[in-house]
$ cat coords-v5.pdb   # PDB, C-alpha atoms
ATOM      1  CA  MET A   1     -31.475  -7.255  -7.320
ATOM      2  CA  PHE A   2     -29.804  -4.333  -9.056
ATOM      3  CA  ALA A   3     -28.177  -3.147  -5.835
ATOM      4  CA  LEU A   4     -27.026  -6.706  -5.147
ATOM      5  CA  ASN A   5     -25.370  -6.915  -8.555
ATOM      6  CA  VAL A   6     -23.647  -3.583  -7.986
ATOM      7  CA  ALA A   7     -22.431  -4.726  -4.559
ATOM      8  CA  LEU A   8     -21.141  -8.022  -5.991
ATOM      9  CA  VAL A   9     -19.208  -6.199  -8.698
ATOM     10  CA  VAL A  10     -17.769  -3.716  -6.207
ATOM     11  CA  VAL A  11     -16.670  -6.367  -3.699
ATOM     12  CA  THR A  12     -15.108  -8.464  -6.469
ATOM     13  CA  LEU A  13     -13.279  -5.379  -7.747
ATOM     14  CA  SER A  14     -11.914  -4.686  -4.282
ATOM     15  CA  ILE A  15     -10.735  -8.300  -4.027
ATOM     16  CA  ALA A  16      -8.921  -7.893  -7.337
ATOM     17  CA  LEU A  17      -7.323  -4.644  -6.160
ATOM     18  CA  VAL A  18      -6.092  -6.139  -2.909
ATOM     19  CA  THR A  19      -4.688  -9.206  -4.652
ATOM     20  CA  TYR A  20      -2.180  -6.788  -6.181
ATOM     21  CA  ARG A  21      -1.101  -5.821  -2.663
ATOM     22  CA  VAL A  22      -0.758  -9.502  -1.717
ATOM     23  CA  LEU A  23       1.449 -10.163  -4.722
ATOM     24  CA  ARG A  24       3.535  -7.008  -4.575
ATOM     25  CA  GLY A  25       3.506  -5.856  -0.920
ATOM     26  CA  PRO A  26       6.934  -4.532   0.046
ATOM     27  CA  THR A  27       7.041  -6.204   3.460
ATOM     28  CA  TRP A  28       5.531  -9.392   4.809
ATOM     29  CA  GLY A  29       3.241  -7.399   7.081
ATOM     30  CA  ASP A  30       1.561  -5.998   3.979
ATOM     31  CA  ARG A  31       0.969  -9.484   2.669
ATOM     32  CA  VAL A  32      -0.517 -10.706   5.949
ATOM     33  CA  MET A  33      -2.726  -7.623   6.181
ATOM     34  CA  ALA A  34      -3.950  -8.009   2.616
ATOM     35  CA  PHE A  35      -4.585 -11.700   3.235
ATOM     36  CA  ASP A  36      -6.783 -10.826   6.226
ATOM     37  CA  PHE A  37      -8.583  -8.289   4.049
ATOM     38  CA  LEU A  38      -9.135 -10.978   1.399
ATOM     39  CA  SER A  39     -10.576 -13.493   3.847
ATOM     40  CA  SER A  40     -13.084 -11.045   5.293
ATOM     41  CA  ASN A  41     -13.946  -9.850   1.795
ATOM     42  CA  VAL A  42     -14.624 -13.363   0.560
ATOM     43  CA  ALA A  43     -16.915 -13.823   3.581
ATOM     44  CA  LEU A  44     -18.750 -10.678   2.489
ATOM     45  CA  LEU A  45     -18.970 -12.048  -1.047
ATOM     46  CA  ILE A  46     -20.493 -15.286   0.261
ATOM     47  CA  VAL A  47     -23.067 -13.289   2.244
ATOM     48  CA  LEU A  48     -23.971 -11.336  -0.892
ATOM     49  CA  VAL A  49     -24.366 -14.561  -2.879
ATOM     50  CA  ALA A  50     -26.588 -15.914  -0.105
ATOM     51  CA  VAL A  51     -28.773 -12.801  -0.298
ATOM     52  CA  ARG A  52     -28.960 -13.008  -4.073
ATOM     53  CA  THR A  53     -29.861 -16.680  -4.280
ATOM     54  CA  ARG A  54     -31.968 -16.604  -1.071
ATOM     55  CA  LEU A  55     -30.171 -19.697   0.188
ATOM     56  CA  ASP A  56     -29.257 -19.263   3.843
ATOM     57  CA  SER A  57     -26.945 -22.292   3.855
ATOM     58  CA  PHE A  58     -24.186 -20.080   2.485
ATOM     59  CA  LEU A  59     -24.084 -18.124   5.741
ATOM     60  CA  ASP A  60     -22.503 -21.026   7.600
ATOM     61  CA  ALA A  61     -19.712 -20.964   5.034
ATOM     62  CA  ALA A  62     -19.239 -17.248   5.747
ATOM     63  CA  LEU A  63     -19.077 -17.927   9.493
ATOM     64  CA  VAL A  64     -16.463 -20.662   9.091
ATOM     65  CA  LEU A  65     -14.460 -18.521   6.681
ATOM     66  CA  SER A  66     -14.319 -15.548   9.041
ATOM     67  CA  LEU A  67     -13.247 -17.822  11.920
ATOM     68  CA  LEU A  68     -10.496 -19.409   9.831
ATOM     69  CA  GLY A  69      -9.389 -16.047   8.504
ATOM     70  CA  PHE A  70      -8.877 -14.641  11.985
ATOM     71  CA  LEU A  71      -7.095 -17.787  13.142
ATOM     72  CA  SER A  72      -4.701 -17.804  10.180
ATOM     73  CA  THR A  73      -4.021 -14.082  10.572
ATOM     74  CA  VAL A  74      -3.104 -14.528  14.229
ATOM     75  CA  ALA A  75      -0.896 -17.495  13.365
ATOM     76  CA  LEU A  76       0.875 -15.571  10.598
ATOM     77  CA  ALA A  77       1.377 -12.515  12.826
ATOM     78  CA  ARG A  78       2.822 -14.651  15.592
ATOM     79  CA  TYR A  79       5.127 -16.356  13.142
ATOM     80  CA  LEU A  80       6.172 -12.953  11.843
ATOM     81  CA  MET A  81       6.905 -11.672  15.331
ATOM     82  CA  LEU A  82       8.443 -14.670  17.073
ATOM     83  CA  GLY A  83       9.701 -16.920  14.307
ATOM     84  CA  ARG A  84       7.462 -19.704  15.530
ATOM     85  CA  VAL A  85       3.734 -20.225  15.887
ATOM     86  CA  MET A  86       3.683 -22.147  19.138
ATOM     87  CA  ARG A  87       6.379 -22.915  21.606
TER      88      ARG A  87
ATOM     89  CA  MET B   1     -35.326  -2.554 -11.358
ATOM     90  CA  ASP B   2     -36.728  -3.272  -7.938
ATOM     91  CA  PHE B   3     -34.854  -0.918  -5.664
ATOM     92  CA  VAL B   4     -36.208  -1.165  -2.139
ATOM     93  CA  TRP B   5     -34.282   1.447  -0.236
ATOM     94  CA  TRP B   6     -34.587   0.082   3.298
ATOM     95  CA  ARG B   7     -32.875  -3.146   2.359
ATOM     96  CA  ASP B   8     -30.675  -2.137  -0.583
ATOM     97  CA  LEU B   9     -29.211   1.082   0.763
ATOM     98  CA  PRO B  10     -27.211  -0.567   3.608
ATOM     99  CA  ILE B  11     -25.757  -3.037   1.122
ATOM    100  CA  LEU B  12     -24.708  -0.244  -1.222
ATOM    101  CA  VAL B  13     -23.185   1.770   1.632
ATOM    102  CA  GLY B  14     -21.260  -1.295   2.806
ATOM    103  CA  ALA B  15     -19.991  -2.006  -0.695
ATOM    104  CA  PHE B  16     -18.817   1.608  -0.991
ATOM    105  CA  PHE B  17     -16.877   1.321   2.252
ATOM    106  CA  VAL B  18     -15.288  -1.949   1.144
ATOM    107  CA  LEU B  19     -14.177  -0.337  -2.111
ATOM    108  CA  ALA B  20     -12.782   2.636  -0.179
ATOM    109  CA  ALA B  21     -10.847   0.206   2.009
ATOM    110  CA  ALA B  22      -9.405  -1.500  -1.071
ATOM    111  CA  VAL B  23      -8.316   1.828  -2.544
ATOM    112  CA  GLY B  24      -6.756   2.785   0.782
ATOM    113  CA  VAL B  25      -4.881  -0.506   1.010
ATOM    114  CA  LEU B  26      -3.635  -0.025  -2.520
ATOM    115  CA  ARG B  27      -2.557   3.599  -2.283
ATOM    116  CA  PHE B  28      -1.467   4.444   1.249
ATOM    117  CA  PRO B  29       2.307   4.778   1.635
ATOM    118  CA  ASP B  30       2.900   2.802   4.818
ATOM    119  CA  LEU B  31       2.008  -0.490   6.468
ATOM    120  CA  TYR B  32       0.478   1.230   9.479
ATOM    121  CA  SER B  33      -1.719   3.555   7.478
ATOM    122  CA  ARG B  34      -2.774   0.626   5.304
ATOM    123  CA  LEU B  35      -3.728  -1.266   8.446
ATOM    124  CA  HIS B  36      -5.762   1.745   9.549
ATOM    125  CA  ALA B  37      -7.715   1.816   6.264
ATOM    126  CA  SER B  38      -8.171  -1.935   6.140
ATOM    127  CA  SER B  39      -9.386  -2.589   9.672
ATOM    128  CA  LYS B  40     -11.737   0.337  10.176
ATOM    129  CA  LEU B  41     -13.318   0.487   6.741
ATOM    130  CA  VAL B  42     -13.756  -3.267   6.404
ATOM    131  CA  THR B  43     -15.503  -3.364   9.772
ATOM    132  CA  LEU B  44     -17.893  -0.623   8.702
ATOM    133  CA  GLY B  45     -18.499  -2.157   5.272
ATOM    134  CA  SER B  46     -19.233  -5.606   6.647
ATOM    135  CA  ALA B  47     -21.630  -4.029   9.154
ATOM    136  CA  GLY B  48     -23.536  -2.395   6.302
ATOM    137  CA  ILE B  49     -23.703  -5.511   4.156
ATOM    138  CA  PHE B  50     -24.735  -7.715   7.066
ATOM    139  CA  VAL B  51     -27.483  -5.316   8.146
ATOM    140  CA  GLY B  52     -28.761  -5.305   4.579
ATOM    141  CA  ALA B  53     -28.717  -9.105   4.492
ATOM    142  CA  MET B  54     -30.616  -9.270   7.799
ATOM    143  CA  LEU B  55     -33.281  -6.879   6.493
ATOM    144  CA  THR B  56     -33.585  -8.806   3.226
ATOM    145  CA  PHE B  57     -34.012 -12.244   4.758
ATOM    146  CA  SER B  58     -35.949 -11.020   7.832
ATOM    147  CA  SER B  59     -35.989 -14.398   9.524
ATOM    148  CA  VAL B  60     -34.799 -15.373  12.972
ATOM    149  CA  GLU B  61     -32.259 -18.028  11.968
ATOM    150  CA  VAL B  62     -30.456 -15.892   9.427
ATOM    151  CA  THR B  63     -30.401 -12.931  11.810
ATOM    152  CA  THR B  64     -28.858 -15.098  14.510
ATOM    153  CA  VAL B  65     -26.062 -16.326  12.251
ATOM    154  CA  LEU B  66     -25.413 -12.850  10.861
ATOM    155  CA  VAL B  67     -25.306 -11.260  14.312
ATOM    156  CA  ALA B  68     -22.832 -13.951  15.355
ATOM    157  CA  ILE B  69     -20.585 -13.263  12.347
ATOM    158  CA  LEU B  70     -20.868  -9.505  12.825
ATOM    159  CA  ALA B  71     -19.992  -9.636  16.529
ATOM    160  CA  PHE B  72     -17.039 -11.860  15.711
ATOM    161  CA  GLN B  73     -15.834  -9.468  13.029
ATOM    162  CA  PHE B  74     -16.201  -6.473  15.336
ATOM    163  CA  LEU B  75     -14.160  -8.257  17.969
ATOM    164  CA  THR B  76     -11.440  -9.747  15.811
ATOM    165  CA  THR B  77     -10.675  -7.282  13.014
ATOM    166  CA  PRO B  78      -9.037  -4.636  15.276
ATOM    167  CA  LEU B  79      -7.276  -7.412  17.153
ATOM    168  CA  ALA B  80      -5.773  -8.827  13.960
ATOM    169  CA  ALA B  81      -4.681  -5.351  12.858
ATOM    170  CA  TYR B  82      -3.101  -4.754  16.260
ATOM    171  CA  MET B  83      -1.208  -8.042  16.092
ATOM    172  CA  ILE B  84       0.109  -7.348  12.601
ATOM    173  CA  ALA B  85       1.214  -3.846  13.614
ATOM    174  CA  GLN B  86       2.932  -5.159  16.737
ATOM    175  CA  ALA B  87       4.719  -7.877  14.787
ATOM    176  CA  ALA B  88       5.898  -5.440  12.119
ATOM    177  CA  TYR B  89       7.070  -2.924  14.726
ATOM    178  CA  ARG B  90       8.976  -5.531  16.680
ATOM    179  CA  ARG B  91      10.565  -6.733  13.465
ATOM    180  CA  GLY B  92      11.940  -3.219  13.019
ATOM    181  CA  LEU B  93       9.674  -1.565  10.472
ATOM    182  CA  ARG B  94       9.642   2.132  11.284
ATOM    183  CA  PRO B  95       6.483   4.130  10.669
ATOM    184  CA  ARG B  96       6.811   6.712   7.930
ATOM    185  CA  LEU B  97       6.677  10.161   9.404
ATOM    186  CA  GLU B  98       5.504  13.346   7.794
ATOM    187  CA  SER B  99       8.883  15.048   7.861
ATOM    188  CA  GLU B 100      10.387  12.265   5.728
ATOM    189  CA  ASP B 101       7.926  12.729   2.896
ATOM    190  CA  ARG B 102       8.995  13.644  -0.559
ATOM    191  CA  ASP B 103       9.306  17.223  -1.650
ATOM    192  CA  GLU B 104       7.034  17.054  -4.654
ATOM    193  CA  TRP B 105       7.152  20.757  -5.356
ATOM    194  CA  GLY B 106      10.933  20.711  -5.411
ATOM    195  CA  GLU B 107      11.065  17.581  -7.544
ATOM    196  CA  ALA B 108       8.760  19.117 -10.126
ATOM    197  CA  GLY B 109      11.563  21.413 -11.231
ATOM    198  CA  HIS B 110      10.795  24.681  -9.503
ATOM    199  CA  LEU B 111      13.874  24.530  -7.326
ATOM    200  CA  ASN B 112      16.616  22.908  -9.347
ATOM    201  CA  GLY B 113      19.577  22.052  -7.205
ATOM    202  CA  ALA B 114      18.035  23.248  -3.944
ATOM    203  CA  ARG B 115      16.966  19.742  -3.017
ATOM    204  CA  GLU B 116      19.147  19.394   0.057
ATOM    205  CA  GLU B 117      17.675  22.347   1.892
ATOM    206  CA  ARG B 118      15.464  21.302   4.754
ATOM    207  CA  PRO B 119      12.126  23.064   5.041
ATOM    208  CA  PRO B 120      11.826  25.371   8.055
ATOM    209  CA  GLY B 121      10.424  23.769  11.141
ATOM    210  CA  GLY B 122      12.200  20.472  10.715
ATOM    211  CA  GLU B 123      14.905  19.098  12.911
ATOM    212  CA  GLY B 124      18.081  21.155  13.206
ATOM    213  CA  GLU B 125      16.276  24.382  13.856
ATOM    214  CA  ARG B 126      17.217  24.644  17.488
ATOM    215  CA  THR B 127      20.630  23.652  18.656
TER     216      THR B 127
END

$ encode --input "coords-v5.pdb" --output "structure tokens"
Amino acid sequence: MFALNVALVVVTLSIALVTYRVLRGPTWGDRVMAFDFLSSNVALLIVLVAVRTRLDSFLDAALVLSLLGFLSTVALARYLMLGRVMR
Amino acid sequence: MDFVWWRDLPILVGAFFVLAAAVGVLRFPDLYSRLHASSKLVTLGSAGIFVGAMLTFSSVEVTTVLVAILAFQFLTTPLAAYMIAQAAYRRGLRPRLESEDRDEWGEAGHLNGAREERPPGGEGERT
């Protein structure tokens, strides 16, 4: 339980650090990259909460969040490159 | 304090790699180097945390879901980083090269006024 608390604090701290990069990021690529980082980190945070509370229903939320994070990152990168998401 | 090393050590290692990725994203000078830190270290950190979660639960259902998430992350995190880098490069963002870095020793005041001298080995050496 002690290691889980340490891991929760560390992952939350990294989320807070990367939020600065989302807000400040000099280019839009930085913001998209930090947003991808945030989505995968929140999935990790959900997995840690599932381990701490021993409720395995949280893992489905982590699965859906990682899927949506990848999809939104690809959509944002395509919009950044082409100016449109789909033709 | 119930520290069981075979299930808590992977979680701690993964959390360390995630924190290292956050520090790299915050402090690297360039989008491409930040993408490097983000994609590789987040993949490794999520692998550690997921392995720790599998060993803690030690049931078939949870292991199935976690292996699915982990395989998806291993497949998609480098792909997302590649797409962001390609988009930024096609939009015209140049990577920051080593020869364009700041001259910190000169800016610290040791060489006042000699700022415009190029270091040897840069461009302009051979005609």

$ atom_distance --input "coords-v5.pdb" --atom1 "CA of Gly25 (chain A)" --atom2 "CA of Leu45 (chain A)"
23.3 Å

$ closest_atom_pairs --input "coords-v5.pdb" --of "chain B" --to "chain A" --cutoff "7 Å" --atoms "all atoms listed in the file" --output "JSON lines"
{"residue": "B:Met1", "atom": "CA", "partner": "A:Phe2", "partner_atom": "CA", "distance": 6.2}
{"residue": "B:Asp2", "atom": "CA", "partner": "A:Met1", "partner_atom": "CA", "distance": 6.6}
{"residue": "B:Phe3", "atom": "CA", "partner": "A:Phe2", "partner_atom": "CA", "distance": 7.0}
{"residue": "B:Asp8", "atom": "CA", "partner": "A:Ala3", "partner_atom": "CA", "distance": 5.9}
{"residue": "B:Ile11", "atom": "CA", "partner": "A:Ala7", "partner_atom": "CA", "distance": 6.8}
{"residue": "B:Leu12", "atom": "CA", "partner": "A:Ala7", "partner_atom": "CA", "distance": 6.0}
{"residue": "B:Ala15", "atom": "CA", "partner": "A:Ala7", "partner_atom": "CA", "distance": 5.3}
{"residue": "B:Val18", "atom": "CA", "partner": "A:Val11", "partner_atom": "CA", "distance": 6.7}
{"residue": "B:Leu19", "atom": "CA", "partner": "A:Ser14", "partner_atom": "CA", "distance": 5.4}
{"residue": "B:Ala22", "atom": "CA", "partner": "A:Ser14", "partner_atom": "CA", "distance": 5.2}
{"residue": "B:Val25", "atom": "CA", "partner": "A:Val18", "partner_atom": "CA", "distance": 7.0}
{"residue": "B:Leu26", "atom": "CA", "partner": "A:Arg21", "partner_atom": "CA", "distance": 6.3}
{"residue": "B:Leu31", "atom": "CA", "partner": "A:Asp30", "partner_atom": "CA", "distance": 6.1}
{"residue": "B:Leu35", "atom": "CA", "partner": "A:Met33", "partner_atom": "CA", "distance": 6.8}
{"residue": "B:Ser38", "atom": "CA", "partner": "A:Phe37", "partner_atom": "CA", "distance": 6.7}
{"residue": "B:Ser46", "atom": "CA", "partner": "A:Leu44", "partner_atom": "CA", "distance": 6.6}
{"residue": "B:Ala53", "atom": "CA", "partner": "A:Val51", "partner_atom": "CA", "distance": 6.1}
{"residue": "B:Val62", "atom": "CA", "partner": "A:Asp56", "partner_atom": "CA", "distance": 6.6}
{"residue": "B:Ile69", "atom": "CA", "partner": "A:Leu63", "partner_atom": "CA", "distance": 5.7}
{"residue": "B:Thr76", "atom": "CA", "partner": "A:Phe70", "partner_atom": "CA", "distance": 6.7}
{"residue": "B:Ala80", "atom": "CA", "partner": "A:Val74", "partner_atom": "CA", "distance": 6.3}
{"residue": "B:Met83", "atom": "CA", "partner": "A:Ala77", "partner_atom": "CA", "distance": 6.1}
{"residue": "B:Ile84", "atom": "CA", "partner": "A:Ala77", "partner_atom": "CA", "distance": 5.3}
{"residue": "B:Ala87", "atom": "CA", "partner": "A:Met81", "partner_atom": "CA", "distance": 4.4}
{"residue": "B:Ala88", "atom": "CA", "partner": "A:Gly29", "partner_atom": "CA", "distance": 6.0}
{"residue": "B:Arg90", "atom": "CA", "partner": "A:Met81", "partner_atom": "CA", "distance": 6.6}
{"residue": "B:Arg91", "atom": "CA", "partner": "A:Met81", "partner_atom": "CA", "distance": 6.4}

$ closest_residue --input "coords-v5.pdb" --among "B:Thr56, B:Gln86, B:Thr64, B:Gln73" --to "Val4 (chain B)" --atoms "all atoms listed in the file"
B:Thr56

$ atom_distance --input "coords-v5.pdb" --atom1 "CA of Gly45 (chain B)" --atom2 "CA of Val60 (chain B)"
22.4 Å

$ atom_distance --input "coords-v5.pdb" --atom1 "CA of Ser33 (chain B)" --atom2 "CA of Val67 (chain B)"
28.7 Å

$ axis_aligned_box --input "coords-v5.pdb" --around "region 50-53 of chain B" --padding-each-side "3 Å" --output "lines of an AutoDock Vina configuration file"
center_x = -26.7
center_y = -7.2
center_z = 6.3
size_x = 10.0
size_y = 9.8
size_z = 9.7
